[in-house]
Every structure is written in structure tokens, then in C-alpha cells.
$ cat work_6.cif   # mmCIF, C-alpha atoms
data_data
loop_
_atom_site.label_atom_id
_atom_site.label_comp_id
_atom_site.auth_asym_id
_atom_site.auth_seq_id
_atom_site.Cartn_x
_atom_site.Cartn_y
_atom_site.Cartn_z
CA GLY A 1 122.28 119.02 87.12
CA ASN A 2 120.86 121.29 89.78
CA SER A 3 121.19 120.26 93.39
CA VAL A 4 120.65 121.56 96.93
CA THR A 5 122.62 120.58 100.01
CA GLN A 6 121.46 121.54 103.49
CA MET A 7 122.84 120.77 106.88
CA GLU A 8 121.78 117.51 108.44
CA GLY A 9 119.66 117.57 111.53
CA PRO A 10 118.14 117.30 113.87
CA VAL A 11 118.98 120.69 115.30
CA THR A 12 117.98 121.12 118.94
CA LEU A 13 117.90 124.62 120.44
CA SER A 14 116.57 126.27 123.56
CA GLU A 15 113.90 128.92 123.23
CA GLU A 16 115.30 132.37 122.29
CA ALA A 17 118.49 130.87 120.82
CA PHE A 18 119.88 131.98 117.44
CA LEU A 19 119.16 129.70 114.51
CA THR A 20 121.20 129.08 111.38
CA ILE A 21 120.42 126.33 108.88
CA ASN A 22 122.99 126.17 106.11
CA CYS A 23 121.97 125.67 102.48
CA THR A 24 124.19 125.62 99.40
CA TYR A 25 123.21 124.96 95.83
CA THR A 26 124.55 124.02 92.43
CA ALA A 27 122.72 125.37 89.40
CA THR A 28 123.24 126.82 85.97
CA GLY A 29 121.88 130.26 85.25
CA TYR A 30 119.95 132.23 87.83
CA PRO A 31 117.61 130.03 89.86
CA SER A 32 115.00 131.22 92.32
CA LEU A 33 115.62 130.07 95.89
CA PHE A 34 113.07 129.17 98.56
CA TRP A 35 112.71 128.01 102.13
CA TYR A 36 109.67 125.91 102.93
CA VAL A 37 108.55 124.78 106.38
CA GLN A 38 106.57 121.65 107.19
CA TYR A 39 104.88 121.32 110.58
CA PRO A 40 103.97 117.83 111.82
CA GLY A 41 101.09 116.31 109.87
CA GLU A 42 100.87 119.20 107.43
CA GLY A 43 101.88 120.15 103.90
CA LEU A 44 104.72 122.50 102.99
CA GLN A 45 104.34 126.23 103.52
CA LEU A 46 106.45 128.83 101.78
CA LEU A 47 108.53 130.61 104.41
CA LEU A 48 110.49 133.01 102.21
CA LYS A 49 111.99 133.38 98.77
CA ALA A 50 114.61 135.25 96.73
CA THR A 51 114.71 135.46 92.97
CA LYS A 52 118.02 137.18 92.23
CA ALA A 53 121.47 137.64 93.69
CA ASP A 54 121.70 139.73 96.87
CA ASP A 55 117.94 139.57 97.43
CA LYS A 56 116.99 139.04 101.07
CA GLY A 57 113.83 137.10 101.78
CA SER A 58 112.21 137.56 105.17
CA ASN A 59 109.08 136.39 106.98
CA LYS A 60 108.03 135.78 110.61
CA GLY A 61 111.51 136.75 111.88
CA PHE A 62 113.30 134.39 109.49
CA GLU A 63 115.76 135.73 106.92
CA ALA A 64 117.90 134.37 104.09
CA THR A 65 120.11 136.16 101.56
CA TYR A 66 120.76 134.89 98.03
CA ARG A 67 124.58 134.78 97.80
CA LYS A 68 125.66 133.94 94.27
CA GLU A 69 129.37 134.23 95.02
CA THR A 70 129.13 131.48 97.65
CA THR A 71 126.08 129.74 96.10
CA SER A 72 124.36 129.84 99.47
CA PHE A 73 120.96 130.69 100.95
CA HIS A 74 121.34 130.17 104.71
CA LEU A 75 118.27 130.49 106.91
CA GLU A 76 118.56 132.55 110.11
CA LYS A 77 116.35 133.62 112.97
CA GLY A 78 117.47 135.69 115.92
CA SER A 79 115.28 134.15 118.60
CA VAL A 80 113.48 130.84 118.04
CA GLN A 81 110.26 129.81 119.74
CA VAL A 82 108.86 126.38 120.58
CA SER A 83 106.33 126.91 117.80
CA ASP A 84 109.18 127.01 115.26
CA SER A 85 109.75 123.28 115.75
CA ALA A 86 109.29 121.81 112.27
CA VAL A 87 111.18 120.51 109.23
CA TYR A 88 112.76 123.15 107.01
CA PHE A 89 113.44 122.54 103.31
CA CYS A 90 115.74 124.63 101.15
CA ALA A 91 114.72 124.52 97.48
CA LEU A 92 115.52 125.96 94.08
CA ARG A 93 113.72 126.33 90.78
CA GLY A 94 115.76 126.78 87.64
CA THR A 95 114.67 129.17 84.94
CA GLY A 96 112.58 127.61 82.20
CA GLY A 97 111.55 124.47 84.06
CA PHE A 98 108.80 123.13 86.27
CA LYS A 99 110.91 121.16 88.67
CA THR A 100 111.69 122.20 92.23
CA ILE A 101 114.87 120.71 93.66
CA PHE A 102 114.54 120.18 97.41
CA GLY A 103 117.25 119.71 99.98
CA ALA A 104 116.97 116.73 102.32
CA GLY A 105 115.29 118.80 105.02
CA THR A 106 116.47 119.83 108.48
CA ARG A 107 114.39 118.98 111.51
CA LEU A 108 114.40 121.66 114.21
CA PHE A 109 113.42 121.00 117.82
CA VAL A 110 113.06 123.99 120.14
CA LYS A 111 112.91 123.29 123.88
CA ALA A 112 111.11 125.55 126.33
CA ASP B 1 92.98 133.27 98.68
CA THR B 2 96.27 131.36 98.59
CA GLU B 3 94.84 128.00 99.57
CA VAL B 4 95.17 124.62 97.96
CA THR B 5 92.68 122.12 99.30
CA GLN B 6 92.96 118.34 99.21
CA THR B 7 90.48 115.59 99.98
CA PRO B 8 90.40 113.24 101.71
CA LYS B 9 92.80 114.01 104.53
CA HIS B 10 93.31 110.32 105.29
CA LEU B 11 92.69 107.26 103.12
CA VAL B 12 93.09 103.58 103.88
CA MET B 13 92.68 101.24 100.93
CA GLY B 14 93.27 97.62 100.08
CA MET B 15 95.45 96.54 97.20
CA THR B 16 92.44 95.73 95.02
CA ASN B 17 90.56 98.97 95.65
CA LYS B 18 90.11 101.95 93.34
CA LYS B 19 90.13 105.38 94.92
CA SER B 20 90.78 108.98 93.93
CA LEU B 21 92.53 111.93 95.53
CA LYS B 22 91.25 115.39 94.78
CA CYS B 23 92.95 118.78 94.74
CA GLU B 24 91.51 122.25 94.13
CA GLN B 25 92.90 125.77 93.87
CA HIS B 26 91.30 129.10 93.00
CA MET B 27 94.41 131.25 92.58
CA GLY B 28 94.28 131.14 88.78
CA HIS B 29 97.44 129.05 88.65
CA ARG B 30 97.91 127.17 85.40
CA ALA B 31 100.55 124.72 86.66
CA MET B 32 99.53 121.95 89.06
CA TYR B 33 101.63 119.18 90.56
CA TRP B 34 101.40 115.86 92.38
CA TYR B 35 104.14 114.89 94.81
CA LYS B 36 104.73 111.82 96.95
CA GLN B 37 106.44 112.26 100.32
CA LYS B 38 107.76 109.44 102.48
CA ALA B 39 108.54 109.97 106.14
CA LYS B 40 111.60 112.13 106.84
CA LYS B 41 112.18 112.75 103.11
CA PRO B 42 111.58 115.70 100.81
CA PRO B 43 108.67 115.57 98.36
CA GLU B 44 109.26 113.62 95.12
CA LEU B 45 107.67 114.97 91.96
CA MET B 46 105.21 112.62 90.25
CA PHE B 47 103.28 114.66 87.65
CA VAL B 48 103.03 118.21 86.33
CA TYR B 49 100.08 119.68 84.46
CA SER B 50 100.41 122.91 82.54
CA TYR B 51 97.27 124.48 81.10
CA GLU B 52 95.41 121.23 81.80
CA LYS B 53 97.86 119.17 79.76
CA LEU B 54 100.26 116.63 81.23
CA SER B 55 103.77 118.07 80.91
CA ILE B 56 105.82 115.82 83.14
CA ASN B 57 105.40 112.20 84.23
CA GLU B 58 108.38 111.18 86.36
CA SER B 59 108.18 107.53 85.28
CA VAL B 60 105.36 106.89 87.72
CA PRO B 61 103.81 103.39 87.66
CA SER B 62 100.53 103.18 85.75
CA ARG B 63 98.63 102.28 88.92
CA PHE B 64 98.69 106.06 89.50
CA SER B 65 96.61 107.93 86.90
CA PRO B 66 96.40 111.73 87.01
CA GLU B 67 93.61 113.82 85.57
CA CYS B 68 93.12 117.57 85.23
CA PRO B 69 89.43 118.18 84.44
CA ASN B 70 89.80 121.98 84.44
CA SER B 71 92.21 124.69 85.49
CA SER B 72 91.18 124.52 89.15
CA LEU B 73 90.99 120.77 89.72
CA LEU B 74 93.50 117.97 89.80
CA ASN B 75 92.74 114.32 90.53
CA LEU B 76 94.93 111.31 91.17
CA HIS B 77 93.25 107.98 90.49
CA LEU B 78 94.64 105.00 92.38
CA HIS B 79 94.26 101.34 91.46
CA ALA B 80 95.97 98.13 92.54
CA LEU B 81 98.40 99.93 94.81
CA GLN B 82 101.15 98.25 96.78
CA PRO B 83 101.96 98.70 100.49
CA GLU B 84 105.10 100.64 99.54
CA ASP B 85 102.83 103.28 97.97
CA SER B 86 101.77 104.32 101.47
CA ALA B 87 102.88 107.94 101.87
CA LEU B 88 101.72 111.55 102.09
CA TYR B 89 100.48 112.75 98.70
CA LEU B 90 100.83 116.48 98.19
CA CYS B 91 99.23 118.66 95.57
CA ALA B 92 100.75 121.99 94.62
CA SER B 93 100.12 124.83 92.20
CA SER B 94 102.07 127.78 90.84
CA GLN B 95 101.94 130.55 88.30
CA GLU B 96 103.13 129.32 84.94
CA MET B 97 105.27 131.98 83.37
CA PRO B 98 108.06 132.77 83.52
CA ARG B 99 108.59 129.13 84.26
CA GLY B 100 110.63 128.41 87.38
CA ARG B 101 110.39 131.92 88.77
CA TYR B 102 107.48 131.49 91.16
CA GLU B 103 106.92 129.62 94.37
CA GLN B 104 104.62 126.65 94.68
CA TYR B 105 101.65 126.58 97.01
CA PHE B 106 101.09 123.21 98.66
CA GLY B 107 97.96 121.60 99.98
CA PRO B 108 97.84 119.85 103.38
CA GLY B 109 98.21 116.43 101.77
CA THR B 110 96.39 113.11 101.82
CA ARG B 111 97.87 110.49 104.15
CA LEU B 112 97.47 107.21 102.21
CA THR B 113 97.82 103.79 103.79
CA VAL B 114 97.69 100.71 101.57
CA THR B 115 96.87 97.48 103.41
#

$ encode --input "work_6.cif" --output "C-alpha cells"
Amino acid sequence: GNSVTQMEGPVTLSEEAFLTINCTYTATGYPSLFWYVQYPGEGLQLLLKATKADDKGSNKGFEATYRKETTSFHLEKGSVQVSDSAVYFCALRGTGGFKTIFGAGTRLFVKA
Amino acid sequence: DTEVTQTPKHLVMGMTNKKSLKCEQHMGHRAMYWYKQKAKKPPELMFVYSYEKLSINESVPSRFSPECPNSSLLNLHLHALQPEDSALYLCASSQEMPRGRYEQYFGPGTRLTVT
């Protein structure tokens, strides 16, 4: 079945540091890939998405590229801010189904 | 408007109470979802409605009863819950077709505590 594996956290960075959160997936066909962010006490917000190979999703300085050859969708940001502290979920949706498969989540702490 | 609203924001209920969670969206989405999220875990799918019909029930205990009165509203009726049902309950919606292609929009959740 489909699955998503993302790096374990927590990840602690200083402000303005470079961020990478690794995400790899296993799926049949051509899934759509997503990054969601959850701030404390809130629901999930879509951060970015990619629906086919080599697509790059980007939003608020975050980027991720759909790499079919390495089955990866790593999240990157060049300069993190304290306000980026949150939990980040990598997720996929397979074609033809309703279900979203979430990774375990990676908690990010950014220190001033 | 890309907002999914949920009420109440917080709910404390005893094990013999009956309560309901409500969810609303006005994006024209025809797929709506209930998720349960425990602390430090990803959301777990409970139910999916497609065009107001129940499409998926992930073997959820019958003390949780979903209802979709129309295309904009989704309810979750709660009865005789257990303390382990305490969690954040998230509602989500998405475009229906092609299935699996589109992102889900999540509400802010209802924080449920069962005493």
C-alpha cells in the first residue's frame, strides 16, 4: 500500500538557518504530494503541493520538488523565522481514492 | 473563501452525555471528511462523505455517528464516549473529481475532552 516516511524530529534551528525536512514515499501510479503545516492549537493548513513529476510547489519561501526517480518530496526553506515553528506533515493522495496518507510529522523549533 | 469552520472550538463532556460537532464549508466541495488527531500524531481518517453519501467508515465505533444534512454541512454526533476518545477532531473538505488529485482544506478543529 501507499506510505510516507519523513524525518523524525524535533528539528531545532536558529533564525535565518536553512531548513530541509526529508520526505520519501511509496505509491503505485502517480500520486499528488502535499506539505501541510500545523501551528500549535490549530488545524492543518496546506503549505504547498505538486501533482506530477518534476513539479515544484512553493509558498511563503518554502519549496519542494516532486522527484519520481527518488520517490521524494523534500521540504526546503532558505531562511527560517521564529514564526515557522510548527509541525510539518508530508502527505500523498493516490489517484482514484479519497484517502490522504500522512507522514508522522516533523516538529520544527526556531530559536531567535 | 477557502475556509472550513468548526464549532465548538472546545468541548468537555461526560461519558453519558450526547453532543454534536459541526462543520461547514462554502467552497462547493462535494467531499467532506472527519479526522481524529491525538497529540503528536498525524490525523486519522474516520469518515468520508461524497455527494452527501457516506463513502468510507474506517471501522469507527458506533458511539460516533456522522451526518451530512447538505453539501455544505457535516455533523458528528457523539454518545457514550470513553476517555480515550479525547482528541482534536478535524473536519476537512476537497473537490471530488478527479478523486485524489486535489488538496484538502481543514478546519481549526474541536478539542474534545471526555471526563

$ residues_around --input "work_6.cif" --residues "B:His29" --least-positions-apart "4" --cutoff "10 Å" --atoms "all atoms listed in the file" --output "PyMOL selection string"
chain B and resi 25+50-51+71-72+92-97+104-105

$ interface_residues --input "work_6.cif" --of "chain B" --to "chain A" --cutoff "12 Å" --atoms "all atoms listed in the file" --output "PDB file with C-alpha atoms, in the coordinates of the input"
ATOM      1  CA  THR B   2      96.270 131.360  98.590  1.00  0.00           C
ATOM      2  CA  GLU B   3      94.840 128.000  99.570  1.00  0.00           C
ATOM      3  CA  VAL B   4      95.170 124.620  97.960  1.00  0.00           C
ATOM      4  CA  THR B   5      92.680 122.120  99.300  1.00  0.00           C
ATOM      5  CA  GLN B   6      92.960 118.340  99.210  1.00  0.00           C
ATOM      6  CA  LYS B   9      92.800 114.010 104.530  1.00  0.00           C
ATOM      7  CA  HIS B  10      93.310 110.320 105.290  1.00  0.00           C
ATOM      8  CA  ARG B  30      97.910 127.170  85.400  1.00  0.00           C
ATOM      9  CA  ALA B  31     100.550 124.720  86.660  1.00  0.00           C
ATOM     10  CA  MET B  32      99.530 121.950  89.060  1.00  0.00           C
ATOM     11  CA  TYR B  33     101.630 119.180  90.560  1.00  0.00           C
ATOM     12  CA  TRP B  34     101.400 115.860  92.380  1.00  0.00           C
ATOM     13  CA  TYR B  35     104.140 114.890  94.810  1.00  0.00           C
ATOM     14  CA  LYS B  36     104.730 111.820  96.950  1.00  0.00           C
ATOM     15  CA  GLN B  37     106.440 112.260 100.320  1.00  0.00           C
ATOM     16  CA  LYS B  38     107.760 109.440 102.480  1.00  0.00           C
ATOM     17  CA  ALA B  39     108.540 109.970 106.140  1.00  0.00           C
ATOM     18  CA  LYS B  40     111.600 112.130 106.840  1.00  0.00           C
ATOM     19  CA  LYS B  41     112.180 112.750 103.110  1.00  0.00           C
ATOM     20  CA  PRO B  42     111.580 115.700 100.810  1.00  0.00           C
ATOM     21  CA  PRO B  43     108.670 115.570  98.360  1.00  0.00           C
ATOM     22  CA  GLU B  44     109.260 113.620  95.120  1.00  0.00           C
ATOM     23  CA  LEU B  45     107.670 114.970  91.960  1.00  0.00           C
ATOM     24  CA  MET B  46     105.210 112.620  90.250  1.00  0.00           C
ATOM     25  CA  PHE B  47     103.280 114.660  87.650  1.00  0.00           C
ATOM     26  CA  VAL B  48     103.030 118.210  86.330  1.00  0.00           C
ATOM     27  CA  TYR B  49     100.080 119.680  84.460  1.00  0.00           C
ATOM     28  CA  SER B  50     100.410 122.910  82.540  1.00  0.00           C
ATOM     29  CA  LEU B  54     100.260 116.630  81.230  1.00  0.00           C
ATOM     30  CA  SER B  55     103.770 118.070  80.910  1.00  0.00           C
ATOM     31  CA  ILE B  56     105.820 115.820  83.140  1.00  0.00           C
ATOM     32  CA  ASN B  57     105.400 112.200  84.230  1.00  0.00           C
ATOM     33  CA  GLU B  58     108.380 111.180  86.360  1.00  0.00           C
ATOM     34  CA  ALA B  87     102.880 107.940 101.870  1.00  0.00           C
ATOM     35  CA  LEU B  88     101.720 111.550 102.090  1.00  0.00           C
ATOM     36  CA  TYR B  89     100.480 112.750  98.700  1.00  0.00           C
ATOM     37  CA  LEU B  90     100.830 116.480  98.190  1.00  0.00           C
ATOM     38  CA  CYS B  91      99.230 118.660  95.570  1.00  0.00           C
ATOM     39  CA  ALA B  92     100.750 121.990  94.620  1.00  0.00           C
ATOM     40  CA  SER B  93     100.120 124.830  92.200  1.00  0.00           C
ATOM     41  CA  SER B  94     102.070 127.780  90.840  1.00  0.00           C
ATOM     42  CA  GLN B  95     101.940 130.550  88.300  1.00  0.00           C
ATOM     43  CA  GLU B  96     103.130 129.320  84.940  1.00  0.00           C
ATOM     44  CA  MET B  97     105.270 131.980  83.370  1.00  0.00           C
ATOM     45  CA  PRO B  98     108.060 132.770  83.520  1.00  0.00           C
ATOM     46  CA  ARG B  99     108.590 129.130  84.260  1.00  0.00           C
ATOM     47  CA  GLY B 100     110.630 128.410  87.380  1.00  0.00           C
ATOM     48  CA  ARG B 101     110.390 131.920  88.770  1.00  0.00           C
ATOM     49  CA  TYR B 102     107.480 131.490  91.160  1.00  0.00           C
ATOM     50  CA  GLU B 103     106.920 129.620  94.370  1.00  0.00           C
ATOM     51  CA  GLN B 104     104.620 126.650  94.680  1.00  0.00           C
ATOM     52  CA  TYR B 105     101.650 126.580  97.010  1.00  0.00           C
ATOM     53  CA  PHE B 106     101.090 123.210  98.660  1.00  0.00           C
ATOM     54  CA  GLY B 107      97.960 121.600  99.980  1.00  0.00           C
ATOM     55  CA  PRO B 108      97.840 119.850 103.380  1.00  0.00           C
ATOM     56  CA  GLY B 109      98.210 116.430 101.770  1.00  0.00           C
ATOM     57  CA  THR B 110      96.390 113.110 101.820  1.00  0.00           C
ATOM     58  CA  ARG B 111      97.870 110.490 104.150  1.00  0.00           C
TER      59      ARG B 111
END

$ resolve_selection --input "work_6.cif" --expression "the PyMOL selection byres ((chain B and resi 23) around 7)" --output "ChimeraX atom specification"
/B:5-7,21-22,24,73-75,91

$ closest_residue --input "work_6.cif" --among "B:Pro69, B:Leu76, B:Arg63, B:Lys53" --to "B:Met15" --atoms "only C-alpha atoms"
B:Arg63

$ atom_distance --input "work_6.cif" --atom1 "atom CA of A:Glu69" --atom2 "atom CA of A:Thr26"
11.6 Å

$ atom_distance --input "work_6.cif" --atom1 "atom CA of B:Pro66" --atom2 "atom CA of B:Met27"
20.4 Å

$ resolve_selection --input "work_6.cif" --expression "the PyMOL selection byres ((chain A and resi 23) around 6)" --output "list in words"
Thr5, Gln6, Asn22, Thr24, Ser72, Phe73 and His74 of chain A

$ axis_aligned_box --input "work_6.cif" --around "stretch 84-88 of chain B" --padding-each-side "6 Å" --output "JSON"
{"center_x": 103.4, "center_y": 106.1, "center_z": 100.0, "size_x": 15.4, "size_y": 22.9, "size_z": 16.1}

$ atom_distance --input "work_6.cif" --atom1 "atom CA of A:Ala27" --atom2 "atom CA of A:Thr71"
8.7 Å

$ resolve_selection --input "work_6.cif" --expression "the PyMOL selection byres ((chain A and resi 63) around 8)" --output "PyMOL selection string"
chain A and resi 48+56-59+61-62+64-65+75-77

$ closest_residue --input "work_6.cif" --among "B:Leu78, B:Pro8, B:Ser62, B:Glu67" --to "B:Ser20" --atoms "all atoms listed in the file"
B:Leu78

$ closest_residue --input "work_6.cif" --among "A:Leu47, A:Arg67, A:Leu13, A:Val37" --to "A:Ser79" --atoms "only C-alpha atoms"
A:Leu13

$ closest_residue --input "work_6.cif" --among "A:Val80, A:Ser85, A:Thr70, A:Asp54" --to "A:Leu19" --atoms "all atoms listed in the file"
A:Val80
